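Participant: Take a look at query-v3.pdb, PDB, C-alpha atoms:
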```
ATOM      1  CA  MET A   1       0.000   0.000   0.000
ATOM      2  CA  THR A   2       1.396   3.374  -0.953
ATOM      3  CA  ASN A   3       1.994   5.688   1.977
ATOM      4  CA  THR A   4       3.501   8.776   0.323
ATOM      5  CA  GLU A   5       2.225  11.124  -2.356
ATOM      6  CA  GLN A   6       3.176  14.576  -3.534
ATOM      7  CA  GLY A   7       0.011  16.596  -3.579
ATOM      8  CA  PHE A   8      -3.356  15.977  -1.999
ATOM      9  CA  ASP A   9      -5.434  14.390  -4.763
ATOM     10  CA  LEU A  10      -5.052  10.904  -3.225
ATOM     11  CA  LEU A  11      -4.354   9.430  -6.654
ATOM     12  CA  LEU A  12      -1.816   6.986  -5.185
ATOM     13  CA  MET A  13      -2.115   7.385  -1.444
ATOM     14  CA  GLY A  14      -3.433   4.336   0.344
ATOM     15  CA  HIS A  15      -3.958   2.305  -2.802
ATOM     16  CA  SER A  16      -2.897  -1.297  -2.747
ATOM     17  CA  ALA A  17      -1.594  -3.823  -5.225
ATOM     18  CA  LEU A  18      -1.287  -7.580  -5.229
ATOM     19  CA  VAL A  19       2.264  -8.739  -5.846
ATOM     20  CA  PRO A  20       2.049 -11.480  -8.489
ATOM     21  CA  HIS A  21       3.001 -14.969  -7.355
ATOM     22  CA  PHE A  22       5.672 -15.295 -10.042
ATOM     23  CA  PHE A  23       7.827 -12.822  -8.096
ATOM     24  CA  GLY A  24       8.073 -15.377  -5.306
ATOM     25  CA  PRO A  25       7.758 -14.917  -1.548
ATOM     26  CA  THR A  26      10.391 -12.193  -1.213
ATOM     27  CA  GLY A  27      10.185  -8.645  -2.386
ATOM     28  CA  LEU A  28      11.760  -5.242  -2.325
ATOM     29  CA  PHE A  29      10.143  -2.514  -0.281
ATOM     30  CA  SER A  30      10.892   1.141   0.209
ATOM     31  CA  GLN A  31       9.881   3.754   2.728
ATOM     32  CA  HIS A  32       7.041   4.717   0.372
ATOM     33  CA  ILE A  33       4.985   1.537   0.705
ATOM     34  CA  TYR A  34       3.619  -0.668   3.457
ATOM     35  CA  LYS A  35       3.379  -4.417   3.194
ATOM     36  CA  VAL A  36      -0.103  -5.420   4.299
ATOM     37  CA  GLU A  37      -1.107  -9.051   4.547
ATOM     38  CA  PRO A  38      -3.607 -11.105   6.519
ATOM     39  CA  LYS A  39      -2.312 -12.700   9.694
ATOM     40  CA  ALA A  40      -1.515 -16.413   9.423
ATOM     41  CA  LYS A  41      -4.642 -17.488  11.338
ATOM     42  CA  SER A  42      -6.931 -14.874   9.772
ATOM     43  CA  ALA A  43     -10.013 -15.952   7.824
ATOM     44  CA  LEU A  44      -9.272 -13.163   5.335
ATOM     45  CA  SER A  45      -7.475 -13.947   2.098
ATOM     46  CA  ARG A  46      -5.051 -11.619   0.389
ATOM     47  CA  GLU A  47      -7.625 -11.051  -2.385
ATOM     48  CA  TRP A  48     -10.307 -10.084   0.147
ATOM     49  CA  LEU A  49      -7.900  -7.721   1.888
ATOM     50  CA  TYR A  50      -6.809  -6.205  -1.432
ATOM     51  CA  LEU A  51     -10.380  -5.363  -2.410
ATOM     52  CA  LEU A  52     -11.194  -4.142   1.100
ATOM     53  CA  LEU A  53      -8.322  -1.662   0.873
ATOM     54  CA  SER A  54      -8.854  -0.747  -2.787
ATOM     55  CA  VAL A  55     -12.548  -0.246  -3.400
ATOM     56  CA  SER A  56     -14.432  -0.276  -0.122
ATOM     57  CA  PRO A  57     -15.329   2.606   2.191
ATOM     58  CA  LYS A  58     -12.700   1.172   4.583
ATOM     59  CA  GLY A  59      -9.996   2.093   2.051
ATOM     60  CA  GLN A  60     -11.408   5.611   1.869
ATOM     61  CA  GLU A  61     -11.324   5.820   5.658
ATOM     62  CA  ILE A  62      -7.675   4.743   5.744
ATOM     63  CA  ARG A  63      -6.730   7.297   3.071
ATOM     64  CA  SER A  64      -8.438  10.034   5.102
ATOM     65  CA  TYR A  65      -5.732   9.709   7.784
ATOM     66  CA  SER A  66      -3.072  11.065   5.396
ATOM     67  CA  ASN A  67      -1.510  14.410   6.186
ATOM     68  CA  GLY A  68       1.446  16.623   5.340
ATOM     69  CA  THR A  69       2.339  20.033   3.994
ATOM     70  CA  THR A  70       4.203  19.357   0.730
ATOM     71  CA  VAL A  71       4.396  15.565   0.768
ATOM     72  CA  ASN A  72       1.258  13.776   1.874
ATOM     73  CA  MET A  73       2.031  10.882   4.237
ATOM     74  CA  LEU A  74      -0.059   7.985   5.507
ATOM     75  CA  PRO A  75       0.938   7.141   9.086
ATOM     76  CA  MET A  76       1.044   3.525  10.261
ATOM     77  CA  ASP A  77      -1.821   4.391  12.628
ATOM     78  CA  ALA A  78      -4.060   4.675   9.572
ATOM     79  CA  LEU A  79      -3.850   0.903   9.209
ATOM     80  CA  GLU A  80      -4.124   0.176  12.925
ATOM     81  CA  LEU A  81      -6.983   2.476  13.965
ATOM     82  CA  PRO A  82      -9.915   1.473  11.732
ATOM     83  CA  GLU A  83     -11.870  -1.544  12.857
ATOM     84  CA  VAL A  84     -12.341  -4.201  10.218
ATOM     85  CA  LEU A  85     -15.228  -6.578  10.591
ATOM     86  CA  VAL A  86     -14.163 -10.092   9.661
ATOM     87  CA  PRO A  87     -16.932 -12.007   7.917
ATOM     88  CA  PRO A  88     -17.651 -15.643   8.705
ATOM     89  CA  HIS A  89     -15.127 -18.068   7.258
ATOM     90  CA  SER A  90     -17.791 -19.523   4.937
ATOM     91  CA  VAL A  91     -18.364 -16.105   3.335
ATOM     92  CA  VAL A  92     -14.650 -15.621   2.680
ATOM     93  CA  GLU A  93     -14.427 -19.166   1.268
ATOM     94  CA  ALA A  94     -17.330 -18.473  -1.111
ATOM     95  CA  PHE A  95     -15.722 -15.185  -2.153
ATOM     96  CA  ASP A  96     -12.350 -16.874  -2.686
ATOM     97  CA  ALA A  97     -13.930 -19.637  -4.776
ATOM     98  CA  ALA A  98     -15.167 -16.976  -7.199
ATOM     99  CA  ALA A  99     -12.384 -14.392  -6.955
ATOM    100  CA  LYS A 100      -9.150 -16.393  -6.805
ATOM    101  CA  PRO A 101      -9.550 -17.927 -10.298
ATOM    102  CA  MET A 102     -10.126 -14.430 -11.704
ATOM    103  CA  PHE A 103      -7.026 -13.045  -9.996
ATOM    104  CA  ALA A 104      -5.008 -16.086 -11.178
ATOM    105  CA  ARG A 105      -6.228 -15.579 -14.755
ATOM    106  CA  LYS A 106      -5.312 -11.892 -14.601
ATOM    107  CA  GLU A 107      -1.817 -12.826 -13.434
ATOM    108  CA  SER A 108      -1.388 -15.403 -16.227
ATOM    109  CA  ILE A 109      -2.514 -12.811 -18.787
ATOM    110  CA  GLU A 110       0.097 -10.386 -17.437
ATOM    111  CA  VAL A 111       2.798 -13.061 -17.850
ATOM    112  CA  GLU A 112       1.582 -13.805 -21.378
ATOM    113  CA  ASN A 113       1.589 -10.076 -22.232
ATOM    114  CA  GLN A 114       5.175  -9.759 -21.003
ATOM    115  CA  THR A 115       6.211 -12.780 -23.085
ATOM    116  CA  LEU A 116       4.539 -11.326 -26.182
ATOM    117  CA  ALA A 117       6.136  -7.910 -25.597
ATOM    118  CA  THR A 118       9.575  -9.536 -25.325
ATOM    119  CA  LEU A 119       8.946 -11.483 -28.532
ATOM    120  CA  ARG A 120       7.798  -8.306 -30.292
ATOM    121  CA  ASP A 121      10.817  -6.336 -29.065
ATOM    122  CA  THR A 122      13.131  -9.113 -30.258
ATOM    123  CA  LEU A 123      11.583  -9.663 -33.690
ATOM    124  CA  LEU A 124      10.519  -6.161 -34.723
ATOM    125  CA  PRO A 125      14.037  -4.690 -35.209
ATOM    126  CA  ARG A 126      15.028  -7.755 -37.269
ATOM    127  CA  LEU A 127      11.884  -7.459 -39.390
ATOM    128  CA  MET A 128      12.345  -3.700 -39.893
ATOM    129  CA  SER A 129      16.006  -4.091 -40.899
ATOM    130  CA  GLY A 130      15.246  -6.927 -43.298
ATOM    131  CA  ASP A 131      17.384  -9.421 -41.346
ATOM    132  CA  LEU A 132      14.281 -11.545 -40.902
ATOM    133  CA  ARG A 133      11.520 -12.123 -43.411
ATOM    134  CA  VAL A 134       8.103 -13.468 -42.424
ATOM    135  CA  GLY A 135       7.954 -16.167 -45.102
ATOM    136  CA  VAL A 136      11.452 -17.369 -44.254
ATOM    137  CA  ALA A 137      10.690 -17.370 -40.526
ATOM    138  CA  ARG A 138       7.519 -19.398 -41.116
ATOM    139  CA  ASP A 139       9.455 -21.933 -43.212
ATOM    140  CA  GLU A 140      12.138 -22.186 -40.515
ATOM    141  CA  MET A 141       9.512 -22.718 -37.795
ATOM    142  CA  GLU A 142       7.755 -25.405 -39.841
ATOM    143  CA  ALA A 143      11.083 -27.152 -40.413
ATOM    144  CA  MET A 144      11.718 -27.115 -36.650
ATOM    145  CA  ALA A 145       8.312 -28.691 -35.874
TER
END
```
Here is a file; write its structure as structure tokens.
Facilitator:
Amino acid sequence: MTNTEQGFDLLLMGHSALVPHFFGPTGLFSQHIYKVEPKAKSALSREWLYLLLSVSPKGQEIRSYSNGTTVNMLPMDALELPEVLVPPHSVVEAFDAAAKPMFARKESIEVENQTLATLRDTLLPRLMSGDLRVGVARDEMEAMA
């Protein structure tokens, strides 16, 4: 969750992001973000928490704690003060059954987009320079199959 923003439009302040699984369990953090995750024994999933912080009135409440003169800051208290009602485990399970496949699909699409962008960035200069011709590339690929 971002905790610093220049200005007071709250365009970034207090907004969260899910770190894709393909980055693994470790990450790099700076003084401008907080790592927020459900406690180990919590009924809440990371997807539930993400949406709670991103699009619910609770996220708005957290962002309202920001303050500063030139650089707007979100104090740690902003995450500790608001009460969060935890729904019954069965509700979170039903939510997760619907939401987790969508989040997983979004992540796989992001990986696919990155792969396609890399392929484009590799092939386009060769195509533009004439080093690679489409018909020749197709024949080479068919020969490899």
Participant: Have a look at A:Pro20, A:Gly59, A:Pro38, A:Gly68 and name the one nearest to A:Glu5; count all atoms listed in the file.
Facilitator: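 The shortest atom-to-atom distance to A:Glu5 comes from A:Gly68.
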Participant: Where does the PyMOL selection byres ((chain A and resi 70) around 7) land in this file, that is, which residues does it pick, as a list in words?
Facilitator: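 Matching residues under the PyMOL selection byres ((chain A and resi 70) around 7) are Gln6, Gly7, Gly68, Thr69, Val71 and Asn72 of chain A.
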Participant: With C-alpha atoms retained, write the just-selected residues as a PDB file, keeping the file's coordinate frame.
Facilitator:
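Everything below was put into again.pdb:
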```
ATOM      1  CA  GLN A   6       3.176  14.576  -3.534  1.00  0.00           C
ATOM      2  CA  GLY A   7       0.011  16.596  -3.579  1.00  0.00           C
ATOM      3  CA  GLY A  68       1.446  16.623   5.340  1.00  0.00           C
ATOM      4  CA  THR A  69       2.339  20.033   3.994  1.00  0.00           C
ATOM      5  CA  VAL A  71       4.396  15.565   0.768  1.00  0.00           C
ATOM      6  CA  ASN A  72       1.258  13.776   1.874  1.00  0.00           C
TER       7      ASN A  72
END
```
Participant: Separation of atom CA of A:Met73 and atom CA of A:Ser42, in Å?
Facilitator: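 Computing the Euclidean distance for atom CA of A:Met73 and atom CA of A:Ser42 yields 27.8 Å.
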Participant: Please determine, counting all atoms listed in the file, which residue among A:Trp48, A:Pro82, A:Asn67, A:Gln114 has the shortest atom-to-atom distance to A:Ala94.
Facilitator: A:Trp48
Participant: Please give the centre and size of the box around stretch 5-13 of chain A (axis-aligned, containing every atom listed in the file, 5 Å added per side), with values in Å to one decimal and written as lines of an AutoDock Vina configuration file.
Facilitator:
```
center_x = -1.1
center_y = 11.8
center_z = -4.0
size_x = 18.6
size_y = 19.6
size_z = 15.2
```
Participant: Excluding same-chain residues fewer than 4 positions from A:Glu93, what lies within 9 Å of it counting only C-alpha atoms, as a VMD selection string?
Facilitator: chain A and resid 43 to 45 88 to 89 97 to 98
Participant: Place a sphere of radius 10 Å on (0.1, -11.6, -5.2) in the file coordinates and name every protein, DNA or RNA residue with an atom inside or on its surface, counting all atoms listed in the file; give the answer as an MDAnalysis selection string.
Facilitator: chainID A and resid 17:25 46:47 50 103:104 107
Participant: Which distance in Å separates atom CA of A:Met1 and atom CA of A:Glu37, to one decimal?
Facilitator: 10.2 Å
Participant: If I take atom CA of A:Leu79 and atom CA of A:Met13, how far is one from the other in Å, to one decimal?
Facilitator: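 Computing it gives 12.6 Å between the two atoms.
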Participant: Using only C-alpha atoms, which of A:Leu124, A:Leu11, A:Met76, A:Leu81 sits nearest A:Glu61?
Facilitator: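 When distances to A:Glu61 are compared using only C-alpha atoms, the smallest one comes from A:Leu81.
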Participant: So, counting all atoms listed in the file, which residue among A:Ile33, A:Ala99, A:Val134, A:Leu12 is closest to A:Pro75?
Facilitator: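 Residue with the minimum atom-to-atom distance to A:Pro75: A:Ile33.
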Participant: Compare A:Lys58, A:Ala40, A:Ser64, A:Leu52 by their minimum atom-to-atom distance to A:Asn3, counting all atoms listed in the file, and give me the closest one.
Facilitator: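 Residue with the minimum atom-to-atom distance to A:Asn3: A:Ser64.
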Participant: Nearest to A:Lys35 among A:His15, A:Leu51, A:Asp96, A:Ser108, with distances taken over all atoms listed in the file: which residue is it?
Facilitator: A:His15
Participant: Pull out every residue that the PyMOL selection byres ((chain A and resi 32) around 8) matches in the shown coordinates and put them as a PyMOL selection string.
Facilitator: chain A and resi 2-4+29-31+33-34
Participant: When you get a chance, write out N, CA, C and O atoms for stretch 120-144 of chain A, as a short mmCIF file (atom, residue, chain, number, x, y, z; two decimals), keeping the file's coordinate frame.
Facilitator:
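What ended up in selection38.cif:
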```cif
data_model
loop_
_atom_site.label_atom_id
_atom_site.label_comp_id
_atom_site.auth_asym_id
_atom_site.auth_seq_id
_atom_site.Cartn_x
_atom_site.Cartn_y
_atom_site.Cartn_z
N ARG A 120 7.93 -9.45 -29.38
CA ARG A 120 7.80 -8.31 -30.29
C ARG A 120 9.08 -7.48 -30.33
O ARG A 120 9.59 -7.15 -31.40
N ASP A 121 9.62 -7.17 -29.14
CA ASP A 121 10.82 -6.34 -29.06
C ASP A 121 12.04 -7.03 -29.66
O ASP A 121 12.97 -6.37 -30.12
N THR A 122 12.03 -8.35 -29.67
CA THR A 122 13.13 -9.11 -30.26
C THR A 122 13.00 -9.18 -31.78
O THR A 122 13.98 -9.01 -32.51
N LEU A 123 11.78 -9.44 -32.25
CA LEU A 123 11.58 -9.66 -33.69
C LEU A 123 11.44 -8.38 -34.50
O LEU A 123 11.90 -8.32 -35.65
N LEU A 124 10.81 -7.37 -33.95
CA LEU A 124 10.52 -6.16 -34.72
C LEU A 124 11.77 -5.51 -35.33
O LEU A 124 11.77 -5.19 -36.53
N PRO A 125 12.85 -5.30 -34.59
CA PRO A 125 14.04 -4.69 -35.21
C PRO A 125 14.59 -5.54 -36.36
O PRO A 125 15.03 -5.01 -37.38
N ARG A 126 14.54 -6.86 -36.20
CA ARG A 126 15.03 -7.76 -37.27
C ARG A 126 14.13 -7.69 -38.50
O ARG A 126 14.61 -7.74 -39.63
N LEU A 127 12.81 -7.59 -38.27
CA LEU A 127 11.88 -7.46 -39.39
C LEU A 127 12.07 -6.12 -40.10
O LEU A 127 12.06 -6.04 -41.33
N MET A 128 12.21 -5.05 -39.33
CA MET A 128 12.34 -3.70 -39.89
C MET A 128 13.65 -3.55 -40.68
O MET A 128 13.69 -2.87 -41.69
N SER A 129 14.71 -4.20 -40.21
CA SER A 129 16.01 -4.09 -40.90
C SER A 129 16.11 -5.03 -42.09
O SER A 129 17.04 -4.92 -42.89
N GLY A 130 15.19 -5.97 -42.20
CA GLY A 130 15.25 -6.93 -43.30
C GLY A 130 16.05 -8.17 -42.97
O GLY A 130 16.22 -9.05 -43.81
N ASP A 131 16.62 -8.24 -41.76
CA ASP A 131 17.38 -9.42 -41.35
C ASP A 131 16.50 -10.65 -41.24
O ASP A 131 16.98 -11.78 -41.33
N LEU A 132 15.23 -10.44 -41.05
CA LEU A 132 14.28 -11.54 -40.90
C LEU A 132 13.09 -11.26 -41.78
O LEU A 132 12.56 -10.16 -41.78
N ARG A 133 12.70 -12.26 -42.55
CA ARG A 133 11.52 -12.12 -43.41
C ARG A 133 10.46 -13.09 -42.92
O ARG A 133 10.76 -14.21 -42.50
N VAL A 134 9.20 -12.68 -42.98
CA VAL A 134 8.10 -13.47 -42.42
C VAL A 134 8.00 -14.83 -43.09
O VAL A 134 7.90 -15.85 -42.45
N GLY A 135 8.05 -14.89 -44.41
CA GLY A 135 7.95 -16.17 -45.10
C GLY A 135 9.09 -17.10 -44.73
O GLY A 135 8.89 -18.29 -44.51
N VAL A 136 10.29 -16.57 -44.63
CA VAL A 136 11.45 -17.37 -44.25
C VAL A 136 11.31 -17.85 -42.82
O VAL A 136 11.57 -19.01 -42.51
N ALA A 137 10.87 -16.98 -41.93
CA ALA A 137 10.69 -17.37 -40.53
C ALA A 137 9.65 -18.48 -40.40
O ALA A 137 9.84 -19.41 -39.63
N ARG A 138 8.56 -18.38 -41.17
CA ARG A 138 7.52 -19.40 -41.12
C ARG A 138 8.08 -20.74 -41.60
O ARG A 138 7.84 -21.77 -41.01
N ASP A 139 8.86 -20.70 -42.69
CA ASP A 139 9.46 -21.93 -43.21
C ASP A 139 10.42 -22.53 -42.20
O ASP A 139 10.45 -23.76 -42.00
N GLU A 140 11.20 -21.70 -41.53
CA GLU A 140 12.14 -22.19 -40.52
C GLU A 140 11.39 -22.81 -39.33
O GLU A 140 11.79 -23.84 -38.82
N MET A 141 10.30 -22.18 -38.92
CA MET A 141 9.51 -22.72 -37.80
C MET A 141 8.87 -24.04 -38.17
O MET A 141 8.84 -24.97 -37.37
N GLU A 142 8.36 -24.15 -39.41
CA GLU A 142 7.76 -25.40 -39.84
C GLU A 142 8.79 -26.51 -39.92
O GLU A 142 8.51 -27.67 -39.60
N ALA A 143 10.00 -26.16 -40.34
CA ALA A 143 11.08 -27.15 -40.41
C ALA A 143 11.48 -27.64 -39.02
O ALA A 143 11.86 -28.79 -38.84
N MET A 144 11.36 -26.75 -38.03
CA MET A 144 11.72 -27.12 -36.65
C MET A 144 10.66 -28.00 -36.01
O MET A 144 10.97 -28.77 -35.12
#
```
